[in-house]
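Undergrad: See work05.cif below, with mmCIF, C-alpha atoms and all ligand atoms.
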data_coords
#
loop_
_atom_site.label_atom_id
_atom_site.label_comp_id
_atom_site.auth_asym_id
_atom_site.auth_seq_id
_atom_site.Cartn_x
_atom_site.Cartn_y
_atom_site.Cartn_z
CA MET A 1 2.09 -4.07 20.77
CA ILE A 2 2.91 -3.57 24.39
CA ALA A 3 0.11 -5.86 25.64
CA ARG A 4 1.77 -8.76 23.87
CA VAL A 5 5.02 -8.00 25.66
CA VAL A 6 3.25 -8.15 28.98
CA GLU A 7 1.51 -11.33 27.85
CA LEU A 8 4.87 -12.96 27.32
CA LEU A 9 6.27 -11.73 30.60
CA LEU A 10 3.25 -12.88 32.56
CA THR A 11 3.14 -16.20 30.74
CA ALA A 12 6.73 -16.89 31.74
CA GLU A 13 6.08 -15.76 35.30
CA ILE A 14 2.91 -17.82 35.80
CA PHE A 15 4.44 -20.84 34.08
CA ASN A 16 7.40 -20.65 36.46
CA ARG A 17 5.10 -20.44 39.47
CA HIS A 18 2.92 -23.41 38.56
CA GLU A 19 4.67 -26.73 38.13
CA ASN A 20 1.53 -28.39 36.86
CA LEU A 21 1.41 -26.22 33.76
CA THR A 22 3.13 -27.88 30.81
CA GLU A 23 4.77 -26.70 27.63
CA ASP A 24 1.54 -27.48 25.84
CA ASP A 25 -0.17 -24.73 27.82
CA ILE A 26 2.11 -22.05 26.43
CA PRO A 27 0.79 -20.59 23.17
CA LYS A 28 2.70 -21.68 20.14
CA GLU A 29 4.14 -18.28 19.20
CA ILE A 30 5.62 -17.88 22.67
CA ARG A 31 6.84 -21.45 22.93
CA LYS A 32 8.54 -21.11 19.58
CA ILE A 33 10.65 -18.17 20.72
CA PHE A 34 11.99 -20.11 23.66
CA TYR A 35 12.80 -23.16 21.55
CA THR A 36 14.84 -21.16 19.12
CA ASN A 37 16.67 -19.49 21.99
CA GLY A 38 18.20 -22.54 23.59
CA GLY A 39 15.22 -24.66 24.50
CA LEU A 40 12.37 -24.35 26.92
CA LYS A 41 13.55 -24.99 30.45
CA ARG A 42 12.16 -24.00 33.79
CA PRO A 43 12.43 -21.33 34.95
CA LEU A 44 11.74 -19.38 31.80
CA VAL A 45 13.97 -16.34 31.64
CA VAL A 46 12.95 -13.46 29.40
CA LYS A 47 15.71 -11.48 27.80
CA GLU A 48 15.53 -8.65 25.35
CA ASN A 49 16.33 -10.87 22.34
CA ILE A 50 13.41 -13.13 23.22
CA LEU A 51 11.02 -10.19 23.27
CA LYS A 52 12.41 -8.85 20.01
CA GLY A 53 11.87 -12.22 18.35
CA PHE A 54 8.30 -12.23 19.54
CA VAL A 55 6.80 -8.88 18.74
CA GLU A 56 7.71 -5.37 17.69
CA TYR A 57 7.36 -2.94 20.52
CA ASP A 58 8.36 0.53 21.57
CA GLU A 59 11.17 0.35 24.11
CA LYS A 60 10.19 3.64 25.71
CA GLU A 61 6.71 2.36 26.24
CA LEU A 62 8.09 -0.75 27.90
CA ARG A 63 10.22 1.24 30.30
CA LYS A 64 7.23 3.32 31.26
CA LEU A 65 5.36 0.31 32.60
CA PRO A 66 5.55 0.59 36.41
CA PHE A 67 5.85 -3.16 36.93
CA VAL A 68 8.65 -3.98 34.53
CA ASP A 69 12.39 -3.84 35.01
CA VAL A 70 14.91 -4.04 32.21
CA ASN A 71 18.34 -4.98 33.51
CA SER A 72 20.76 -2.86 31.59
CA PHE A 73 23.61 -5.29 32.22
CA ASN A 74 22.29 -8.70 31.19
CA ARG A 75 19.23 -7.46 29.28
CA GLN A 76 16.91 -9.60 31.35
CA ILE A 77 13.37 -8.35 31.63
CA LYS A 78 11.44 -8.99 34.78
CA ILE A 79 8.12 -8.26 36.33
CA THR A 80 8.77 -6.40 39.53
CA SER A 81 5.22 -6.26 40.80
CA PHE A 82 3.18 -9.29 39.86
CA ASP A 83 -0.12 -7.94 41.23
CA VAL A 84 0.13 -4.72 39.30
CA ALA A 85 1.01 -6.59 36.12
CA VAL A 86 -1.96 -8.89 36.58
CA LYS A 87 -4.34 -5.98 36.90
CA TRP A 88 -2.77 -4.12 33.98
CA MET A 89 -3.18 -7.16 31.75
CA LEU A 90 -6.80 -7.61 32.70
CA LYS A 91 -7.50 -4.07 31.60
CA ASN A 92 -5.31 -3.92 28.51
CA GLY A 93 -5.04 -7.46 27.20
CA PHE A 94 -8.21 -9.33 28.05
CA ASP A 95 -8.52 -10.85 24.60
CA LEU A 96 -5.03 -12.27 24.83
CA ILE A 97 -5.78 -13.88 28.20
CA LYS A 98 -8.75 -15.75 26.76
CA LYS A 99 -6.58 -17.51 24.20
CA ASN A 100 -3.54 -18.17 26.35
CA PRO A 101 -3.96 -21.30 28.53
CA VAL A 102 -1.21 -20.30 30.96
CA LEU A 103 -2.84 -16.94 31.62
CA ALA A 104 -6.34 -18.40 31.58
CA TYR A 105 -5.24 -20.95 34.19
CA PHE A 106 -4.31 -18.11 36.51
CA TYR A 107 -7.16 -15.74 35.71
CA GLU A 108 -9.78 -18.47 36.01
CA SER A 109 -9.48 -18.25 39.77
CA TYR A 110 -8.83 -14.53 39.88
CA ASP A 111 -11.84 -12.28 40.53
CA SER A 112 -14.78 -13.04 38.33
CA THR A 113 -13.15 -12.64 34.97
CA GLY A 114 -15.16 -15.40 33.29
CA VAL A 115 -11.98 -16.72 31.68
CA SER A 116 -11.75 -20.47 31.27
CA TYR A 117 -8.66 -22.61 30.95
CA GLU A 118 -10.58 -25.23 28.97
CA GLU A 119 -11.72 -22.61 26.48
CA ALA A 120 -8.21 -21.24 26.08
CA LYS A 121 -6.89 -24.73 25.45
CA LYS A 122 -9.04 -24.94 22.36
CA TYR A 123 -6.95 -22.23 20.76
CA SER A 124 -3.61 -23.86 21.35
CA LYS A 125 -1.94 -26.66 19.47
CA PRO A 126 0.22 -29.24 21.24
CA ARG A 127 3.96 -28.63 21.26
CA TYR A 128 4.80 -31.68 19.19
CA SER A 129 3.03 -30.14 16.23
CA ASP A 130 5.56 -27.26 16.16
CA SER A 131 8.38 -27.60 13.72
CA GLU A 132 10.60 -25.68 16.18
CA TRP A 133 9.98 -28.28 18.88
CA LEU A 134 10.92 -31.06 16.51
CA LYS A 135 14.05 -29.21 15.40
CA GLY A 136 15.05 -28.81 19.02
CA ILE A 137 14.83 -32.57 19.63
CA ILE A 138 16.62 -33.39 16.40
CA ASP A 139 19.40 -30.99 17.38
CA GLU A 140 19.73 -32.80 20.69
CA LEU A 141 19.95 -36.16 18.93
CA THR A 142 22.55 -34.80 16.53
CA LYS A 143 24.85 -33.74 19.34
CA ASP A 144 25.27 -37.29 20.56
CA GLU A 145 27.24 -39.48 18.19
CA SER A 146 25.34 -42.66 18.95
CA THR A 147 21.99 -41.06 18.23
CA ALA A 148 23.21 -38.86 15.39
CA GLU A 149 23.77 -41.88 13.25
CA MET A 150 20.16 -42.98 13.77
CA LEU A 151 18.92 -39.85 12.11
CA GLY A 152 20.50 -40.80 8.83
CA LEU A 153 18.14 -43.75 8.56
CA VAL A 154 14.86 -41.89 8.56
CA ARG A 155 13.06 -38.83 7.25
CA ILE A 156 11.35 -36.75 9.87
CA PHE A 157 8.55 -34.34 9.10
CA SER A 158 6.79 -31.88 11.31
CA PRO A 159 3.06 -31.76 10.60
CA GLU A 160 3.50 -28.02 10.13
CA ASP A 161 5.84 -28.55 7.22
CA LEU A 162 3.74 -31.09 5.36
CA ASP A 163 1.85 -29.94 2.31
CA ASP A 164 -1.72 -28.73 2.82
CA ASP A 165 -2.75 -30.61 -0.28
CA LEU A 166 -2.58 -33.81 1.70
CA SER A 167 -6.08 -33.24 2.94
CA LYS A 168 -7.14 -33.80 -0.65
CA VAL A 169 -6.46 -37.51 -0.54
CA VAL A 170 -9.71 -39.26 -1.39
CA LEU A 171 -10.58 -42.15 0.89
CA ASP A 172 -13.53 -44.50 0.85
CA ASP A 173 -15.88 -45.00 3.79
CA GLU A 174 -14.09 -48.06 5.06
CA GLN A 175 -10.74 -46.25 5.15
CA LEU A 176 -12.26 -43.20 6.79
CA LYS A 177 -13.82 -45.34 9.47
CA GLU A 178 -10.46 -46.89 10.37
CA ILE A 179 -8.85 -43.49 10.56
CA ARG A 180 -11.61 -42.17 12.75
CA LYS A 181 -11.03 -45.09 15.12
CA ILE A 182 -7.40 -44.14 15.46
CA GLU A 183 -8.29 -40.53 16.17
CA ILE A 184 -10.62 -41.65 18.94
CA ALA A 185 -8.00 -44.03 20.35
CA ILE A 186 -5.57 -41.13 20.58
CA GLU A 187 -8.12 -38.90 22.28
CA GLU A 188 -8.96 -41.66 24.76
CA ARG A 189 -5.41 -42.85 25.30
CA GLU A 190 -5.49 -42.49 29.06
CA TRP A 191 -8.73 -44.33 29.43
CA LEU A 192 -7.61 -47.17 27.18
CA ARG A 193 -4.53 -47.55 29.32
CA ASP A 194 -6.65 -47.65 32.47
CA VAL A 195 -8.83 -50.43 31.15
CA GLY A 196 -5.81 -52.38 29.96
CA LEU A 197 -6.29 -52.13 26.19
CA ARG A 198 -2.81 -51.54 24.91
CA GLU A 199 -2.69 -53.41 21.64
CA ILE A 200 -4.01 -50.52 19.64
CA GLY A 201 -2.46 -48.31 17.02
CA LYS A 202 -0.67 -50.67 14.66
CA LEU A 203 -1.92 -50.34 11.13
CA LEU A 204 -0.96 -52.15 7.99
CA PHE A 205 -1.76 -50.41 4.71
CA ILE A 206 -1.93 -52.81 1.82
CA GLY A 207 -2.54 -52.12 -1.85
CA PRO A 208 -0.94 -51.62 -5.26
CA PRO A 209 1.48 -48.75 -5.95
CA GLY A 210 -0.05 -45.32 -6.33
CA THR A 211 -3.20 -45.90 -4.32
CA GLY A 212 -2.49 -43.32 -1.63
CA LYS A 213 -0.79 -45.23 1.18
CA THR A 214 2.10 -42.82 1.71
CA THR A 215 -0.14 -39.83 1.13
CA THR A 216 -2.58 -41.08 3.75
CA ALA A 217 0.17 -41.60 6.33
CA ARG A 218 1.30 -38.00 5.79
CA HIS A 219 -2.25 -36.78 5.85
CA LEU A 220 -2.69 -38.47 9.23
CA SER A 221 0.38 -36.73 10.56
CA LYS A 222 -1.11 -33.41 9.53
CA LYS A 223 -4.54 -34.23 10.83
CA LEU A 224 -3.48 -35.67 14.18
CA LEU A 225 -0.73 -33.04 14.56
CA LEU A 226 1.87 -35.75 15.13
CA PRO A 227 5.41 -35.64 13.75
CA LEU A 228 6.07 -38.28 11.12
CA VAL A 229 9.09 -40.57 11.11
CA GLU A 230 9.36 -42.21 7.70
CA VAL A 231 11.58 -45.14 6.89
CA LYS A 232 11.85 -47.48 3.93
CA LEU A 233 12.92 -50.95 4.94
CA SER A 234 15.04 -51.27 1.80
CA MET A 235 17.05 -48.27 2.94
CA ILE A 236 18.06 -49.74 6.27
CA THR A 237 18.76 -53.23 5.02
CA SER A 238 22.43 -53.87 4.85
CA GLN A 239 24.46 -56.74 3.52
CA PHE A 240 26.57 -56.64 6.63
CA LEU A 241 25.87 -59.22 9.24
CA GLY A 242 23.75 -57.90 12.06
CA GLU A 243 23.63 -54.37 10.69
CA THR A 244 20.00 -54.58 9.59
CA SER A 245 18.86 -55.67 13.03
CA LYS A 246 20.73 -52.84 14.62
CA ASN A 247 19.22 -50.34 12.22
CA ILE A 248 15.72 -51.56 12.92
CA GLU A 249 16.29 -51.11 16.63
CA LYS A 250 17.60 -47.61 16.04
CA VAL A 251 14.58 -46.61 14.02
CA PHE A 252 12.21 -47.66 16.79
CA GLU A 253 14.44 -45.85 19.24
CA ILE A 254 14.08 -42.61 17.28
CA ALA A 255 10.31 -43.01 17.20
CA LYS A 256 10.24 -43.39 20.97
CA ARG A 257 12.40 -40.29 21.38
CA LEU A 258 10.10 -38.24 19.19
CA SER A 259 6.93 -39.51 20.81
CA PRO A 260 4.13 -38.78 20.36
CA CYS A 261 4.59 -39.45 16.68
CA ILE A 262 3.75 -41.64 13.75
CA LEU A 263 6.30 -44.23 12.69
CA PHE A 264 5.70 -45.02 9.04
CA ILE A 265 7.51 -48.12 7.79
CA ASP A 266 7.31 -48.31 4.03
CA GLU A 267 8.13 -51.33 1.87
CA PHE A 268 7.31 -53.45 4.83
CA ASP A 269 7.58 -56.63 2.77
CA TYR A 270 11.22 -55.93 1.98
CA VAL A 271 12.63 -57.95 4.83
CA ALA A 272 10.12 -60.75 4.26
CA LYS A 273 11.09 -60.81 0.61
CA THR A 274 14.75 -61.33 1.35
CA ARG A 275 13.76 -64.05 3.76
CA THR A 276 12.15 -66.17 1.09
CA SER A 277 15.07 -65.82 -1.27
CA ASP A 278 17.78 -66.28 1.25
CA GLU A 279 17.52 -68.24 4.45
CA HIS A 280 20.52 -66.51 5.86
CA ALA A 281 20.67 -66.33 9.63
CA ALA A 282 21.17 -62.57 9.57
CA VAL A 283 17.94 -62.11 7.65
CA LYS A 284 16.05 -64.27 10.09
CA ARG A 285 17.48 -62.23 12.86
CA ALA A 286 16.37 -59.02 11.18
CA VAL A 287 12.81 -60.29 10.85
CA ASN A 288 12.81 -61.33 14.48
CA THR A 289 14.11 -57.96 15.55
CA LEU A 290 11.42 -56.27 13.52
CA LEU A 291 8.68 -58.39 15.10
CA LYS A 292 10.07 -57.89 18.55
CA SER A 293 10.36 -54.13 18.06
CA ILE A 294 6.74 -54.02 16.94
CA ASP A 295 5.70 -55.97 20.01
CA GLU A 296 7.55 -53.61 22.29
CA ILE A 297 6.03 -50.40 21.06
CA ASN A 298 2.46 -49.17 21.30
CA LEU A 299 0.37 -46.08 21.02
CA ILE A 300 -0.99 -46.22 24.53
CA ASP A 301 2.29 -46.49 26.46
CA HIS A 302 4.80 -44.94 24.07
CA GLY A 303 2.66 -42.59 22.03
CA VAL A 304 3.84 -44.10 18.79
CA LEU A 305 1.30 -44.84 16.09
CA LEU A 306 2.80 -47.48 13.85
CA ILE A 307 1.81 -47.55 10.20
CA SER A 308 3.35 -50.05 7.83
CA ALA A 309 2.73 -50.19 4.12
CA THR A 310 3.24 -52.85 1.51
CA ASN A 311 2.42 -53.60 -2.12
CA HIS A 312 2.93 -57.31 -1.56
CA PRO A 313 0.85 -58.45 1.38
CA SER A 314 1.11 -62.04 0.18
CA LEU A 315 4.79 -62.04 1.13
CA LEU A 316 3.95 -61.47 4.77
CA ASP A 317 3.48 -64.53 6.91
CA SER A 318 0.99 -64.98 9.70
CA ALA A 319 3.49 -63.97 12.40
CA VAL A 320 3.58 -60.55 10.75
CA TRP A 321 -0.15 -60.20 10.10
CA ARG A 322 -1.00 -61.05 13.67
CA ARG A 323 0.89 -58.04 14.94
CA PHE A 324 -1.31 -55.47 13.30
CA ASP A 325 -4.61 -54.65 14.86
CA LYS A 326 -5.93 -53.00 11.72
CA ILE A 327 -5.44 -53.86 8.09
CA VAL A 328 -6.47 -50.98 5.86
CA GLU A 329 -6.93 -51.86 2.23
CA PHE A 330 -6.01 -49.47 -0.56
CA PRO A 331 -7.64 -51.08 -3.55
CA GLU A 332 -7.75 -49.73 -7.06
CA PRO A 333 -10.13 -46.82 -6.66
CA SER A 334 -13.85 -47.21 -7.28
CA GLU A 335 -15.74 -44.99 -9.74
CA GLU A 336 -16.79 -42.75 -6.92
CA VAL A 337 -13.21 -42.31 -5.70
CA ARG A 338 -11.87 -41.70 -9.22
CA LYS A 339 -14.56 -39.13 -9.75
CA ARG A 340 -13.55 -37.22 -6.65
CA ILE A 341 -9.87 -37.38 -7.55
CA PHE A 342 -10.69 -35.95 -10.99
CA GLU A 343 -12.83 -33.23 -9.44
CA ILE A 344 -10.17 -32.24 -6.96
CA THR A 345 -7.32 -32.31 -9.45
CA LEU A 346 -9.25 -30.38 -12.08
CA GLU A 347 -10.73 -27.96 -9.58
CA LYS A 348 -8.66 -24.95 -10.62
CA ILE A 349 -8.18 -25.88 -14.24
CA PRO A 350 -10.59 -24.21 -16.65
CA GLY A 351 -11.89 -26.08 -19.66
CA ASP A 352 -14.71 -27.97 -21.21
CA TYR A 353 -14.76 -31.60 -20.13
CA ARG A 354 -17.09 -34.28 -18.81
CA ILE A 355 -15.76 -35.94 -15.70
CA ASP A 356 -18.32 -38.74 -15.71
CA GLU A 357 -17.05 -39.96 -19.06
CA LEU A 358 -13.45 -39.79 -17.90
CA VAL A 359 -14.36 -41.84 -14.86
CA ARG A 360 -15.82 -44.55 -17.06
CA MET A 361 -12.74 -44.55 -19.26
CA THR A 362 -10.33 -45.01 -16.39
CA GLU A 363 -11.50 -48.29 -14.91
CA GLY A 364 -8.52 -49.97 -13.25
CA PHE A 365 -6.45 -46.75 -12.97
CA THR A 366 -4.93 -45.96 -9.59
CA GLY A 367 -5.20 -42.56 -7.94
CA ALA A 368 -1.70 -41.74 -9.09
CA GLU A 369 -2.63 -42.63 -12.68
CA VAL A 370 -5.76 -40.49 -12.60
CA LYS A 371 -3.62 -37.57 -11.52
CA LEU A 372 -1.14 -38.38 -14.24
CA VAL A 373 -3.93 -38.13 -16.83
CA VAL A 374 -4.68 -34.59 -15.75
CA ARG A 375 -1.01 -33.65 -15.74
CA GLU A 376 -0.45 -35.04 -19.23
CA ALA A 377 -3.53 -33.26 -20.56
CA VAL A 378 -2.46 -29.95 -19.08
CA LEU A 379 1.02 -30.29 -20.56
CA SER A 380 -0.26 -31.00 -24.05
CA ALA A 381 -2.64 -28.04 -23.84
CA LEU A 382 0.26 -25.83 -22.73
CA MET A 383 2.35 -27.12 -25.66
CA GLU A 384 -0.31 -25.68 -27.92
CA GLY A 385 -0.35 -22.44 -26.01
CA ARG A 386 -3.65 -23.07 -24.28
CA LYS A 387 -4.47 -22.73 -20.59
CA GLU A 388 -7.86 -24.33 -21.02
CA LEU A 389 -8.42 -28.02 -21.30
CA THR A 390 -10.59 -29.70 -23.88
CA MET A 391 -12.18 -33.11 -23.57
CA ASP A 392 -9.89 -34.16 -26.37
CA ASP A 393 -6.75 -33.35 -24.33
CA LEU A 394 -8.03 -35.51 -21.53
CA VAL A 395 -9.13 -38.41 -23.69
CA LYS A 396 -5.73 -38.51 -25.38
CA ALA A 397 -4.05 -38.39 -22.00
CA VAL A 398 -6.17 -41.30 -20.79
CA GLU A 399 -4.96 -43.29 -23.80
CA ASP A 400 -1.34 -42.36 -23.16
CA VAL A 401 -1.52 -43.39 -19.55
CA ARG A 402 -3.31 -46.60 -20.49
CA GLU A 403 -0.45 -47.44 -22.85
CA ARG A 404 1.95 -46.86 -20.04
CA ILE A 405 0.00 -49.21 -17.80
CA THR A 406 -0.03 -51.90 -20.48
CA LEU A 407 3.68 -51.48 -20.99
CA LYS A 408 4.32 -51.71 -17.25
CA ASN A 409 2.21 -54.85 -16.95
CA SER A 410 4.03 -56.55 -19.78
CA TYR A 411 7.27 -56.62 -17.86
N1 LIG B 501 -7.06 -41.90 -3.22
C1 LIG B 501 -6.27 -40.90 -3.65
N2 LIG B 501 -6.68 -39.62 -3.55
C2 LIG B 501 -5.92 -38.62 -3.99
N3 LIG B 501 -4.71 -38.78 -4.52
C3 LIG B 501 -4.25 -40.02 -4.65
C4 LIG B 501 -5.00 -41.15 -4.23
N4 LIG B 501 -4.29 -42.26 -4.48
C5 LIG B 501 -3.13 -41.84 -5.03
N5 LIG B 501 -3.10 -40.50 -5.14
C6 LIG B 501 -2.00 -39.69 -5.65
O1 LIG B 501 -1.07 -40.52 -6.28
C7 LIG B 501 0.27 -40.21 -5.91
C8 LIG B 501 0.96 -41.40 -5.31
O2 LIG B 501 0.34 -41.77 -4.11
P1 LIG B 501 1.12 -42.46 -2.92
O3 LIG B 501 2.56 -42.16 -3.00
O4 LIG B 501 0.42 -42.12 -1.66
O5 LIG B 501 0.88 -43.99 -3.27
P2 LIG B 501 1.36 -45.27 -2.50
O6 LIG B 501 0.14 -46.10 -2.29
O7 LIG B 501 2.14 -44.90 -1.32
O8 LIG B 501 2.28 -45.98 -3.59
P3 LIG B 501 3.56 -46.93 -3.39
O9 LIG B 501 2.99 -48.25 -2.99
O10 LIG B 501 4.17 -46.95 -4.73
O11 LIG B 501 4.41 -46.32 -2.35
C9 LIG B 501 0.18 -39.03 -5.00
O12 LIG B 501 0.40 -37.86 -5.71
C10 LIG B 501 -1.25 -39.07 -4.48
O13 LIG B 501 -1.68 -37.79 -4.19
MG MG B 502 4.19 -45.14 -0.88
#
Would you mind giving the structure from this file in structure tokens?
Ligand SMILES: Nc1ncnc2c1ncn2[C@@H]1O[C@H](COP(=O)(O)OP(=O)(O)OP(=O)(O)O)[C@@H](O)[C@H]1O
Ligand SMILES: [Mg+2]
TA:
Amino acid sequence: MIARVVELLLTAEIFNRHENLTEDDIPKEIRKIFYTNGGLKRPLVVKENILKGFVEYDEKELRKLPFVDVNSFNRQIKITSFDVAVKWMLKNGFDLIKKNPVLAYFYESYDSTGVSYEEAKKYSKPRYSDSEWLKGIIDELTKDESTAEMLGLVRIFSPEDLDDDLSKVVLDDEQLKEIRKIEIAIEEREWLRDVGLREIGKLLFIGPPGTGKTTTARHLSKKLLLPLVEVKLSMITSQFLGETSKNIEKVFEIAKRLSPCILFIDEFDYVAKTRTSDEHAAVKRAVNTLLKSIDEINLIDHGVLLISATNHPSLLDSAVWRRFDKIVEFPEPSEEVRKRIFEITLEKIPGDYRIDELVRMTEGFTGAEVKLVVREAVLSALMEGRKELTMDDLVKAVEDVRERITLKNSY
């Protein structure tokens, strides 16, 4: 489509002319092409390979355009007459202008086109939600030896690459309310900074295993379009003196580099646990480093949303608790929550079963265990060559899982 080619050329041209336009104003598909071709730097230069990566087009058609020049030596493609290009685009690519913030920014004050930058912005996602953007940053960090080693400590996800199923995590009203507050805080970041409220955006998720803490952190990444930096404290704890402290600092450093992002610290009690068993100076130092790092990072100034999770909140002392502005509880799910997890998990599975009864039978089961029931039931049906569930399959599975829970609790 030749209009898309002109869209890209004009986007680059207008972006280069207006310093106040940011990467976030460039539509994702265009941004992506520049990232994968050596990063997005001003001025944007369009070469043939960039166009080819963007859209299929007829080269003859391109050469026919009176305002385009293809340099046969370096394959750079340029607009030779901006005014003519602008008019051509208005006539041939109006729909593209409406959804492209860079173009809309220009056309908003050009004739009476009725195009609005604000409207166009609604179509575009921020750059940090692109997996290509994240890859670009990670590549940069890999090049430098001192930062490359930091990357080994964490897992980094782009919201684009996280599973869509995450939206299926079932949360109760209290949990949803806390999440909504964080969304609003992110939207109103500037204002909160202006009024001096910085101590926002540090959450502690507490609850037994399998109640959805990790899933919720990932879901938030997807929902807020923020990259997710995941780290387990047990993984960065080292028996070498001072190493743990250094690792903690590095992890926070990565989060700041990837900002805006979510830093998810799992097994948060791990350091506290070692503290009670071993009053070693290095452990104390690690705890202090952790506390200090938490103090020195915030959502408002650094764009880092900190989420910590633990199964053992009782191991955390008051110095730790005090640092979180929100404690979100993940209790064993209520009947209502279990019911919804059953409904969602069974959604595509045909059969004859009564969810209400299953809900009553699974008192005390976590979300993970409810899902396990369904998985077990499906497997035993498959073993008998059936792709439809019976109530019997599910009841037996409930009993199996219950046995497992009893076994687990007896150790
Ligand atoms: N409320 C829930 N809604 C939907 N699925 C849930 C819920 N709670 C748990 N699950 C499912 O159980 C599994 C385990 O959940 P998850 O890993 O998030 O638990 P966790 O609280 O992080 O556990 P741990 O403390 O062991 O890390 C996932 O497959 C998740 O989808
Ligand atoms: Mg977890």
Undergrad: Quick one: residues within 9 Å of A:Met89, only C-alpha atoms, excluding same-chain residues fewer than 6 positions away - as a list in words?
TA: Ala3, Val6, Glu7, Leu10, Leu96 and Ile97 of chain A
Undergrad: Please extract the residues at most 7 Å from ligand MG 502 (chain B), counting only C-alpha atoms and all ligand atoms, and provide them as a list in words, using the chain letters and residue numbers of this document.
TA: Pro209, Gly210, Gly212, Lys213, Thr214 and Asp266 of chain A
Undergrad: Wanna dump the chain A-ligand LIG 501 (chain B) contacts at 9 Å for me, each residue with its shortest atom pair and the distance in Å to one decimal, counting only C-alpha atoms and all ligand atoms, ordered by chain and number, as JSON lines?
TA:
{"residue": "A:Asp165", "atom": "CA", "partner": "B:LIG501", "partner_atom": "O13", "distance": 8.2}
{"residue": "A:Leu166", "atom": "CA", "partner": "B:LIG501", "partner_atom": "O13", "distance": 7.2}
{"residue": "A:Ser167", "atom": "CA", "partner": "B:LIG501", "partner_atom": "C2", "distance": 8.8}
{"residue": "A:Lys168", "atom": "CA", "partner": "B:LIG501", "partner_atom": "C2", "distance": 6.0}
{"residue": "A:Val169", "atom": "CA", "partner": "B:LIG501", "partner_atom": "C2", "distance": 3.7}
{"residue": "A:Val170", "atom": "CA", "partner": "B:LIG501", "partner_atom": "N2", "distance": 3.7}
{"residue": "A:Leu171", "atom": "CA", "partner": "B:LIG501", "partner_atom": "N1", "distance": 5.4}
{"residue": "A:Asp172", "atom": "CA", "partner": "B:LIG501", "partner_atom": "N1", "distance": 8.1}
{"residue": "A:Phe205", "atom": "CA", "partner": "B:LIG501", "partner_atom": "O6", "distance": 8.4}
{"residue": "A:Ile206", "atom": "CA", "partner": "B:LIG501", "partner_atom": "O6", "distance": 8.1}
{"residue": "A:Gly207", "atom": "CA", "partner": "B:LIG501", "partner_atom": "O6", "distance": 6.6}
{"residue": "A:Pro208", "atom": "CA", "partner": "B:LIG501", "partner_atom": "O9", "distance": 5.7}
{"residue": "A:Pro209", "atom": "CA", "partner": "B:LIG501", "partner_atom": "O9", "distance": 3.4}
{"residue": "A:Gly210", "atom": "CA", "partner": "B:LIG501", "partner_atom": "O5", "distance": 3.5}
{"residue": "A:Thr211", "atom": "CA", "partner": "B:LIG501", "partner_atom": "N4", "distance": 3.8}
{"residue": "A:Gly212", "atom": "CA", "partner": "B:LIG501", "partner_atom": "O4", "distance": 3.1}
{"residue": "A:Lys213", "atom": "CA", "partner": "B:LIG501", "partner_atom": "O6", "distance": 3.7}
{"residue": "A:Thr214", "atom": "CA", "partner": "B:LIG501", "partner_atom": "O7", "distance": 3.7}
{"residue": "A:Thr215", "atom": "CA", "partner": "B:LIG501", "partner_atom": "O4", "distance": 3.7}
{"residue": "A:Thr216", "atom": "CA", "partner": "B:LIG501", "partner_atom": "O4", "distance": 6.3}
{"residue": "A:Ala217", "atom": "CA", "partner": "B:LIG501", "partner_atom": "O4", "distance": 8.0}
{"residue": "A:Arg218", "atom": "CA", "partner": "B:LIG501", "partner_atom": "O4", "distance": 8.6}
{"residue": "A:Asp266", "atom": "CA", "partner": "B:LIG501", "partner_atom": "O11", "distance": 7.3}
{"residue": "A:Glu267", "atom": "CA", "partner": "B:LIG501", "partner_atom": "O11", "distance": 7.5}
{"residue": "A:Ala309", "atom": "CA", "partner": "B:LIG501", "partner_atom": "O9", "distance": 7.4}
{"residue": "A:Thr310", "atom": "CA", "partner": "B:LIG501", "partner_atom": "O9", "distance": 6.4}
{"residue": "A:Asn311", "atom": "CA", "partner": "B:LIG501", "partner_atom": "O9", "distance": 5.5}
{"residue": "A:Phe330", "atom": "CA", "partner": "B:LIG501", "partner_atom": "O6", "distance": 7.2}
{"residue": "A:Glu332", "atom": "CA", "partner": "B:LIG501", "partner_atom": "N4", "distance": 8.6}
{"residue": "A:Pro333", "atom": "CA", "partner": "B:LIG501", "partner_atom": "N1", "distance": 6.7}
{"residue": "A:Val337", "atom": "CA", "partner": "B:LIG501", "partner_atom": "N1", "distance": 6.6}
{"residue": "A:Arg338", "atom": "CA", "partner": "B:LIG501", "partner_atom": "N1", "distance": 7.7}
{"residue": "A:Arg340", "atom": "CA", "partner": "B:LIG501", "partner_atom": "N2", "distance": 7.9}
{"residue": "A:Ile341", "atom": "CA", "partner": "B:LIG501", "partner_atom": "C2", "distance": 5.5}
{"residue": "A:Phe342", "atom": "CA", "partner": "B:LIG501", "partner_atom": "C2", "distance": 8.9}
{"residue": "A:Ile344", "atom": "CA", "partner": "B:LIG501", "partner_atom": "C2", "distance": 8.2}
{"residue": "A:Thr345", "atom": "CA", "partner": "B:LIG501", "partner_atom": "C2", "distance": 8.5}
{"residue": "A:Thr366", "atom": "CA", "partner": "B:LIG501", "partner_atom": "N4", "distance": 6.3}
{"residue": "A:Gly367", "atom": "CA", "partner": "B:LIG501", "partner_atom": "N4", "distance": 3.6}
{"residue": "A:Ala368", "atom": "CA", "partner": "B:LIG501", "partner_atom": "O1", "distance": 3.1}
{"residue": "A:Glu369", "atom": "CA", "partner": "B:LIG501", "partner_atom": "O1", "distance": 6.9}
{"residue": "A:Val370", "atom": "CA", "partner": "B:LIG501", "partner_atom": "O1", "distance": 7.9}
{"residue": "A:Lys371", "atom": "CA", "partner": "B:LIG501", "partner_atom": "C6", "distance": 6.4}
{"residue": "A:Leu372", "atom": "CA", "partner": "B:LIG501", "partner_atom": "O1", "distance": 8.2}
